[in-house]
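Shown here: coords34.tsv, TSV, C-alpha atoms.
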```tsv
chain	number	residue	atom	x	y	z
X	628	MET	CA	3.79	-5.36	9.14
X	629	LEU	CA	2.97	-8.87	10.27
X	630	THR	CA	0.32	-10.61	8.30
X	631	LYS	CA	-1.53	-13.86	8.70
X	632	GLU	CA	-2.44	-15.63	5.50
X	633	TYR	CA	-5.72	-17.45	5.03
X	634	GLY	CA	-5.60	-19.71	1.98
X	635	ASN	CA	-4.76	-17.92	-1.21
X	636	HIS	CA	-7.49	-15.38	-0.91
X	637	TYR	CA	-6.59	-12.81	1.68
X	638	LYS	CA	-4.28	-11.94	4.46
X	639	ILE	CA	-5.20	-10.37	7.75
X	640	SER	CA	-2.90	-7.79	9.18
X	641	THR	CA	-2.31	-8.39	12.84
X	642	LYS	CA	0.03	-5.60	13.74
X	643	LYS	CA	0.53	-2.10	12.53
X	644	ALA	CA	3.91	-0.95	11.35
X	645	ALA	CA	4.97	2.65	10.84
X	646	ALA	CA	2.54	5.49	11.39
X	647	LYS	CA	2.16	6.01	7.64
X	648	PRO	CA	2.83	3.61	4.78
X	649	LYS	CA	5.89	4.27	2.65
X	650	ASP	CA	4.00	4.29	-0.64
X	651	ILE	CA	1.32	6.68	0.58
X	652	GLU	CA	2.18	9.26	-2.10
X	653	GLN	CA	1.79	6.66	-4.85
X	654	TRP	CA	-1.65	5.71	-3.52
X	655	ARG	CA	-2.68	9.38	-3.40
X	656	LYS	CA	-1.60	9.90	-7.01
X	657	GLU	CA	-3.37	6.76	-8.18
X	658	LYS	CA	-6.52	7.73	-6.30
X	659	GLU	CA	-6.43	11.19	-7.84
X	660	LYS	CA	-6.02	9.67	-11.28
X	661	THR	CA	-8.90	7.25	-10.65
X	662	ASP	CA	-11.11	10.14	-9.50
X	663	GLN	CA	-10.23	12.13	-12.62
X	664	LYS	CA	-11.14	9.18	-14.85
X	665	LYS	CA	-14.46	8.91	-13.03
X	666	LYS	CA	-15.21	12.59	-13.59
X	667	GLN	CA	-14.33	12.40	-17.28
X	668	PRO	CA	-17.26	11.75	-19.61
X	669	GLN	CA	-17.67	8.15	-20.64
X	670	SER	CA	-15.96	7.02	-23.82
X	671	ASP	CA	-17.67	7.12	-27.19
X	672	GLU	CA	-18.10	3.38	-27.16
X	673	PRO	CA	-21.87	3.35	-27.86
X	674	LYS	CA	-21.33	5.77	-30.73
X	675	ASP	CA	-18.58	3.56	-32.12
X	676	LYS	CA	-20.79	0.53	-31.81
X	677	ALA	CA	-23.59	2.31	-33.64
X	678	GLN	CA	-21.18	3.36	-36.38
X	679	SER	CA	-19.91	-0.17	-36.77
X	680	LYS	CA	-23.46	-1.36	-37.28
O	1428	MET	CA	4.00	5.30	74.90
O	1429	ASN	CA	0.42	5.52	73.59
O	1430	LEU	CA	1.42	8.52	71.53
O	1431	LEU	CA	4.37	6.60	70.09
O	1432	ASN	CA	2.16	3.64	69.25
O	1433	GLY	CA	-0.37	5.95	67.62
O	1434	LEU	CA	2.31	7.54	65.48
O	1435	THR	CA	3.61	4.17	64.43
O	1436	LEU	CA	0.16	3.01	63.42
O	1437	ASP	CA	-0.38	6.23	61.50
O	1438	GLN	CA	2.91	5.80	59.73
O	1439	LEU	CA	2.07	2.18	59.00
O	1440	ASP	CA	-1.28	3.25	57.58
O	1441	LYS	CA	0.43	5.77	55.30
O	1442	LEU	CA	3.02	3.22	54.25
O	1443	VAL	CA	0.34	0.67	53.36
O	1444	LYS	CA	-1.53	3.31	51.36
O	1445	ILE	CA	1.63	4.31	49.48
O	1446	LEU	CA	2.42	0.67	48.72
O	1447	ALA	CA	-1.16	0.06	47.55
O	1448	ILE	CA	-1.00	3.08	45.23
O	1449	LEU	CA	2.35	1.93	43.83
O	1450	ALA	CA	1.06	-1.62	43.32
O	1451	GLY	CA	-2.02	-0.24	41.56
O	1452	GLY	CA	0.18	1.88	39.33
O	1453	VAL	CA	2.36	-1.07	38.37
O	1454	ALA	CA	-0.70	-3.24	37.67
O	1455	ALA	CA	-2.27	-0.48	35.55
O	1456	TYR	CA	1.01	-0.03	33.66
O	1457	TYR	CA	1.19	-3.71	32.81
O	1458	LYS	CA	-2.46	-3.92	31.88
O	1459	PHE	CA	-2.78	-0.82	29.72
O	1460	VAL	CA	0.74	-0.15	28.43
O	1461	LYS	CA	2.44	-3.54	28.27
O	1462	GLY	CA	-0.81	-5.32	27.47
O	1463	ARG	CA	-1.55	-2.74	24.73
O	1464	VAL	CA	-5.16	-2.64	25.88
O	1465	HIS	CA	-5.94	0.71	24.33
O	1466	VAL	CA	-3.77	0.34	21.25
O	1467	SER	CA	-5.73	0.66	18.03
O	1468	ARG	CA	-6.18	-2.72	16.39
O	1469	LEU	CA	-8.08	-3.50	13.23
O	1470	GLU	CA	-8.64	-6.75	11.40
O	1471	LEU	CA	-9.10	-6.32	7.67
O	1472	LYS	CA	-10.40	-8.72	5.05
O	1473	VAL	CA	-10.78	-8.26	1.33
O	1474	SER	CA	-12.02	-10.69	-1.28
O	1475	GLY	CA	-13.46	-10.48	-4.74
O	1476	SER	CA	-14.84	-12.27	-7.72
O	1477	ILE	CA	-15.17	-11.30	-11.35
O	1478	LEU	CA	-18.48	-11.56	-13.16
O	1479	SER	CA	-19.32	-11.12	-16.79
O	1480	LYS	CA	-22.68	-9.84	-17.98
O	1481	ASP	CA	-23.68	-8.47	-21.37
O	1482	ASN	CA	-20.05	-8.31	-22.50
O	1483	VAL	CA	-19.08	-6.14	-19.55
O	1484	ASN	CA	-16.86	-7.47	-16.78
O	1485	TYR	CA	-17.48	-6.53	-13.17
O	1486	LEU	CA	-15.28	-6.95	-10.15
O	1487	LEU	CA	-17.41	-7.55	-7.05
O	1488	THR	CA	-15.25	-6.78	-4.03
O	1489	THR	CA	-16.09	-7.28	-0.36
O	1490	ALA	CA	-14.12	-5.24	2.16
O	1491	CYS	CA	-14.50	-5.84	5.86
O	1492	ILE	CA	-13.07	-4.07	8.91
O	1493	LYS	CA	-13.35	-5.34	12.46
O	1494	ASN	CA	-12.14	-3.25	15.35
O	1495	ILE	CA	-10.63	-5.86	17.67
O	1496	GLY	CA	-9.15	-3.27	20.04
O	1497	LEU	CA	-10.76	-1.31	22.84
O	1498	ALA	CA	-10.17	2.08	21.28
O	1499	LYS	CA	-12.19	3.91	18.66
O	1500	VAL	CA	-10.30	4.15	15.35
O	1501	ASP	CA	-10.79	7.21	13.17
O	1502	ILE	CA	-10.46	6.52	9.44
O	1503	ASP	CA	-8.28	8.83	7.39
O	1504	HIS	CA	-10.29	8.63	4.17
O	1505	GLU	CA	-7.74	10.56	2.16
O	1506	ASP	CA	-5.09	7.88	2.55
O	1507	SER	CA	-7.32	4.81	2.94
O	1508	GLY	CA	-8.53	2.98	-0.11
O	1509	LEU	CA	-9.07	-0.11	-2.19
O	1510	ARG	CA	-6.38	-0.68	-4.81
O	1511	ILE	CA	-7.08	-2.84	-7.85
O	1512	ILE	CA	-4.09	-4.11	-9.80
O	1513	SER	CA	-4.18	-6.15	-12.96
O	1514	CYS	CA	-1.52	-8.69	-13.77
O	1515	LYS	CA	1.07	-8.52	-16.48
O	1516	PRO	CA	0.39	-10.81	-19.42
O	1517	MET	CA	2.17	-14.14	-19.19
O	1518	ALA	CA	3.35	-16.08	-22.19
O	1519	ASN	CA	4.91	-19.49	-22.63
O	1520	VAL	CA	4.32	-20.62	-19.07
O	1521	THR	CA	5.83	-24.08	-18.69
O	1522	THR	CA	6.64	-24.06	-14.98
O	1523	ALA	CA	4.97	-22.61	-11.93
O	1524	GLN	CA	5.61	-18.87	-11.74
O	1525	LEU	CA	4.41	-16.08	-9.54
O	1526	LEU	CA	2.38	-13.52	-11.44
O	1527	ASP	CA	3.80	-10.08	-12.02
O	1528	TRP	CA	1.46	-7.20	-11.30
O	1529	GLN	CA	1.16	-4.00	-13.28
O	1530	ASP	CA	2.85	-0.95	-11.79
O	1531	GLU	CA	-0.16	1.25	-12.41
O	1532	ALA	CA	-3.32	0.67	-10.42
O	1533	SER	CA	-6.69	2.19	-9.60
O	1534	VAL	CA	-7.44	3.30	-6.05
O	1535	PHE	CA	-11.01	3.83	-4.84
O	1536	ASN	CA	-12.36	5.45	-1.72
O	1537	VAL	CA	-13.71	3.07	0.92
O	1538	PHE	CA	-16.03	3.30	3.92
O	1539	GLU	CA	-16.89	6.91	3.13
O	1540	ASP	CA	-19.97	6.75	5.38
O	1541	ASP	CA	-17.93	5.60	8.38
O	1542	PRO	CA	-15.83	8.33	10.00
O	1543	TRP	CA	-14.68	5.91	12.67
O	1544	ILE	CA	-14.98	2.28	13.80
O	1545	GLU	CA	-16.22	1.65	17.33
O	1546	PRO	CA	-14.54	-1.00	19.50
O	1547	GLY	CA	-15.97	-4.41	18.62
O	1548	GLU	CA	-17.73	-3.03	15.56
O	1549	THR	CA	-17.57	-4.83	12.21
O	1550	VAL	CA	-18.22	-2.92	9.02
O	1551	GLU	CA	-18.56	-4.54	5.62
O	1552	GLU	CA	-19.02	-2.92	2.24
O	1553	LYS	CA	-19.31	-4.29	-1.25
O	1554	TYR	CA	-18.06	-2.50	-4.33
O	1555	LEU	CA	-19.00	-3.26	-7.92
O	1556	ILE	CA	-16.33	-2.02	-10.27
O	1557	ALA	CA	-16.38	-2.26	-14.06
O	1558	ILE	CA	-13.08	-3.62	-15.32
O	1559	PRO	CA	-11.49	-3.87	-18.73
O	1560	ALA	CA	-11.96	-7.09	-20.64
O	1561	TYR	CA	-8.63	-8.78	-20.24
O	1562	ASN	CA	-8.11	-12.42	-20.96
O	1563	ARG	CA	-9.83	-13.51	-17.78
O	1564	GLU	CA	-6.81	-12.71	-15.70
O	1565	PRO	CA	-7.06	-12.33	-11.93
O	1566	PHE	CA	-6.81	-9.02	-10.15
O	1567	ARG	CA	-4.95	-8.16	-7.00
O	1568	LEU	CA	-6.87	-6.37	-4.26
O	1569	GLN	CA	-5.31	-4.26	-1.55
O	1570	LEU	CA	-7.46	-2.80	1.20
O	1571	ARG	CA	-5.70	-0.21	3.31
O	1572	ILE	CA	-7.03	1.70	6.30
O	1573	VAL	CA	-5.00	4.60	7.64
O	1574	SER	CA	-5.67	6.38	10.90
O	1575	GLU	CA	-3.65	8.80	12.97
O	1576	ASN	CA	-2.52	5.90	15.19
O	1577	GLY	CA	-1.32	3.57	12.45
O	1578	TRP	CA	-2.32	1.74	9.32
O	1579	TRP	CA	-3.47	-1.73	8.32
O	1580	GLN	CA	-3.58	-3.54	5.03
O	1581	ALA	CA	-5.11	-6.74	3.70
O	1582	ASN	CA	-4.33	-8.27	0.33
O	1583	GLY	CA	-6.43	-10.56	-1.77
O	1584	ILE	CA	-6.85	-12.02	-5.22
O	1585	ALA	CA	-10.05	-11.70	-7.23
O	1586	GLN	CA	-10.72	-14.70	-9.40
O	1587	TRP	CA	-13.20	-15.33	-12.15
O	1588	GLN	CA	-16.29	-17.13	-11.02
O	1589	SER	CA	-16.04	-20.67	-12.33
O	1590	ASP	CA	-19.52	-20.61	-13.82
O	1591	THR	CA	-18.65	-17.65	-16.01
O	1592	VAL	CA	-15.50	-19.14	-17.49
O	1593	SER	CA	-15.95	-19.73	-21.18
O	1594	ARG	CA	-15.27	-23.19	-22.51
```

Would you give me this structure, written as structure tokens?
Amino acid sequence: MLTKEYGNHYKISTKKAAAKPKDIEQWRKEKEKTDQKKKQPQSDEPKDKAQSK
Amino acid sequence: MNLLNGLTLDQLDKLVKILAILAGGVAAYYKFVKGRVHVSRLELKVSGSILSKDNVNYLLTTACIKNIGLAKVDIDHEDSGLRIISCKPMANVTTAQLLDWQDEASVFNVFEDDPWIEPGETVEEKYLIAIPAYNREPFRLQLRIVSENGWWQANGIAQWQSDTVSR
């Protein structure tokens, strides 16, 4: 893919490459994992904080 | 003789029409195929900054898509996303070095309310993501949009806001 860089902050893609990215499976797995973490109940941090007090 | 002339004119008329159709076809081919007029084209931007409030760190990310083509682009939400990658800890840095990024990352859904992007349309969304309290290290941002006609990606770096840096 050709990219055009603007400063150090972001690049703009100007042309598409293959129909699907090569690391698409990795992204899917990471997204699934992120979704699972979101669905999990929040950690016991407040409880721990209360205990430490 | 008149009949012959009439036939010739008729044939000439047909020939001109055929040539006009061929010329139109060639012009259309160059305009739409060679000129990629109806090829899907997106321009992506992603940027971010890290804020700290009440001992919690937040990554404020801005993702922007502009459809610079003349064709509608459908977003494949399953494979599109915003990827946040933290950097590997660096120690004993004495010369300029490129940062190494962690192999594991978080990927979030993006533009869930936008099934497609119309030609000329610009869509921008902001995401506020709670992040772990590292030692004020930057994060790498990757915005990727996948459609059935191709995919586009923009990369960025999220930095700490200067006014939140502890002294």

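Atom CA of O:Ala1454 lies 29.5 Å from atom CA of O:Trp1579.
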
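Interatomic distance, atom CA of O:Ile1502 to atom CA of O:Ser1574: 5.0 Å.
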
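Pairwise distance (atom CA of O:Ser1467, atom CA of O:Glu1505) equals 18.8 Å.
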
(message) Taking (-7.9, -0.5, 13.3) as a centre in this file's frame and 8 Å as the limit, can you find every polymer residue with an atom that close, using all atoms listed in the file, and give them as a PyMOL selection string?
(response) chain O and resi 1467-1470+1492-1496+1500+1544+1572+1574+1577-1579

Fewer than 2 positions away in the same chain doesn't count, so skip those; otherwise give me all residues within 8 Å of O:Glu1551, counting only C-alpha atoms, as a PDB file with C-alpha atoms, in the frame of the given file.
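After the write, result.pdb holds the following:
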```
ATOM      1  CA  THR O1489     -16.090  -7.280  -0.360  1.00  0.00           C
ATOM      2  CA  ALA O1490     -14.120  -5.240   2.160  1.00  0.00           C
ATOM      3  CA  CYS O1491     -14.500  -5.840   5.860  1.00  0.00           C
ATOM      4  CA  ILE O1492     -13.070  -4.070   8.910  1.00  0.00           C
ATOM      5  CA  THR O1549     -17.570  -4.830  12.210  1.00  0.00           C
ATOM      6  CA  LYS O1553     -19.310  -4.290  -1.250  1.00  0.00           C
TER       7      LYS O1553
END
```

(message) Just checking: using only C-alpha atoms, which residue out of O:Trp1543, O:Phe1538, O:Phe1566, O:Phe1459 ends up closest to chain X?
(response) O:Phe1566

12 Å contact set for O:Pro1559, all atoms listed in the file, chain neighbours under 4 positions out, as a PDB file with C-alpha atoms, keeping the file's coordinate frame:
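The new file result.pdb reads:
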```pdb
ATOM      1  CA  ILE O1477     -15.170 -11.300 -11.350  1.00  0.00           C
ATOM      2  CA  LEU O1478     -18.480 -11.560 -13.160  1.00  0.00           C
ATOM      3  CA  SER O1479     -19.320 -11.120 -16.790  1.00  0.00           C
ATOM      4  CA  ASN O1482     -20.050  -8.310 -22.500  1.00  0.00           C
ATOM      5  CA  VAL O1483     -19.080  -6.140 -19.550  1.00  0.00           C
ATOM      6  CA  ASN O1484     -16.860  -7.470 -16.780  1.00  0.00           C
ATOM      7  CA  TYR O1485     -17.480  -6.530 -13.170  1.00  0.00           C
ATOM      8  CA  LEU O1486     -15.280  -6.950 -10.150  1.00  0.00           C
ATOM      9  CA  ILE O1511      -7.080  -2.840  -7.850  1.00  0.00           C
ATOM     10  CA  ILE O1512      -4.090  -4.110  -9.800  1.00  0.00           C
ATOM     11  CA  SER O1513      -4.180  -6.150 -12.960  1.00  0.00           C
ATOM     12  CA  SER O1533      -6.690   2.190  -9.600  1.00  0.00           C
ATOM     13  CA  ARG O1563      -9.830 -13.510 -17.780  1.00  0.00           C
ATOM     14  CA  GLU O1564      -6.810 -12.710 -15.700  1.00  0.00           C
ATOM     15  CA  PRO O1565      -7.060 -12.330 -11.930  1.00  0.00           C
ATOM     16  CA  PHE O1566      -6.810  -9.020 -10.150  1.00  0.00           C
TER      17      PHE O1566
END
```

Residues of chain O were defined as contacting chain X if any atom lay at most 9 Å from it, counting all atoms listed in the file; please report them as a CSV table (one decimal) with C-alpha atoms, keeping the file's coordinate frame.
```csv
chain,number,residue,atom,x,y,z
O,1467,SER,CA,-5.7,0.7,18.0
O,1468,ARG,CA,-6.2,-2.7,16.4
O,1469,LEU,CA,-8.1,-3.5,13.2
O,1470,GLU,CA,-8.6,-6.8,11.4
O,1471,LEU,CA,-9.1,-6.3,7.7
O,1472,LYS,CA,-10.4,-8.7,5.0
O,1473,VAL,CA,-10.8,-8.3,1.3
O,1474,SER,CA,-12.0,-10.7,-1.3
O,1475,GLY,CA,-13.5,-10.5,-4.7
O,1505,GLU,CA,-7.7,10.6,2.2
O,1506,ASP,CA,-5.1,7.9,2.6
O,1507,SER,CA,-7.3,4.8,2.9
O,1508,GLY,CA,-8.5,3.0,-0.1
O,1510,ARG,CA,-6.4,-0.7,-4.8
O,1531,GLU,CA,-0.2,1.2,-12.4
O,1532,ALA,CA,-3.3,0.7,-10.4
O,1533,SER,CA,-6.7,2.2,-9.6
O,1534,VAL,CA,-7.4,3.3,-6.0
O,1535,PHE,CA,-11.0,3.8,-4.8
O,1536,ASN,CA,-12.4,5.4,-1.7
O,1568,LEU,CA,-6.9,-6.4,-4.3
O,1573,VAL,CA,-5.0,4.6,7.6
O,1574,SER,CA,-5.7,6.4,10.9
O,1575,GLU,CA,-3.6,8.8,13.0
O,1576,ASN,CA,-2.5,5.9,15.2
O,1577,GLY,CA,-1.3,3.6,12.4
O,1578,TRP,CA,-2.3,1.7,9.3
O,1579,TRP,CA,-3.5,-1.7,8.3
O,1580,GLN,CA,-3.6,-3.5,5.0
O,1581,ALA,CA,-5.1,-6.7,3.7
O,1582,ASN,CA,-4.3,-8.3,0.3
O,1583,GLY,CA,-6.4,-10.6,-1.8
O,1584,ILE,CA,-6.8,-12.0,-5.2
O,1585,ALA,CA,-10.0,-11.7,-7.2
```

(request) Rank nothing, just name the residue among O:Thr1522, O:Ser1476, O:Gln1529, O:Gln1569 nearest to O:Ala1557, using all atoms listed in the file. (result) O:Ser1476
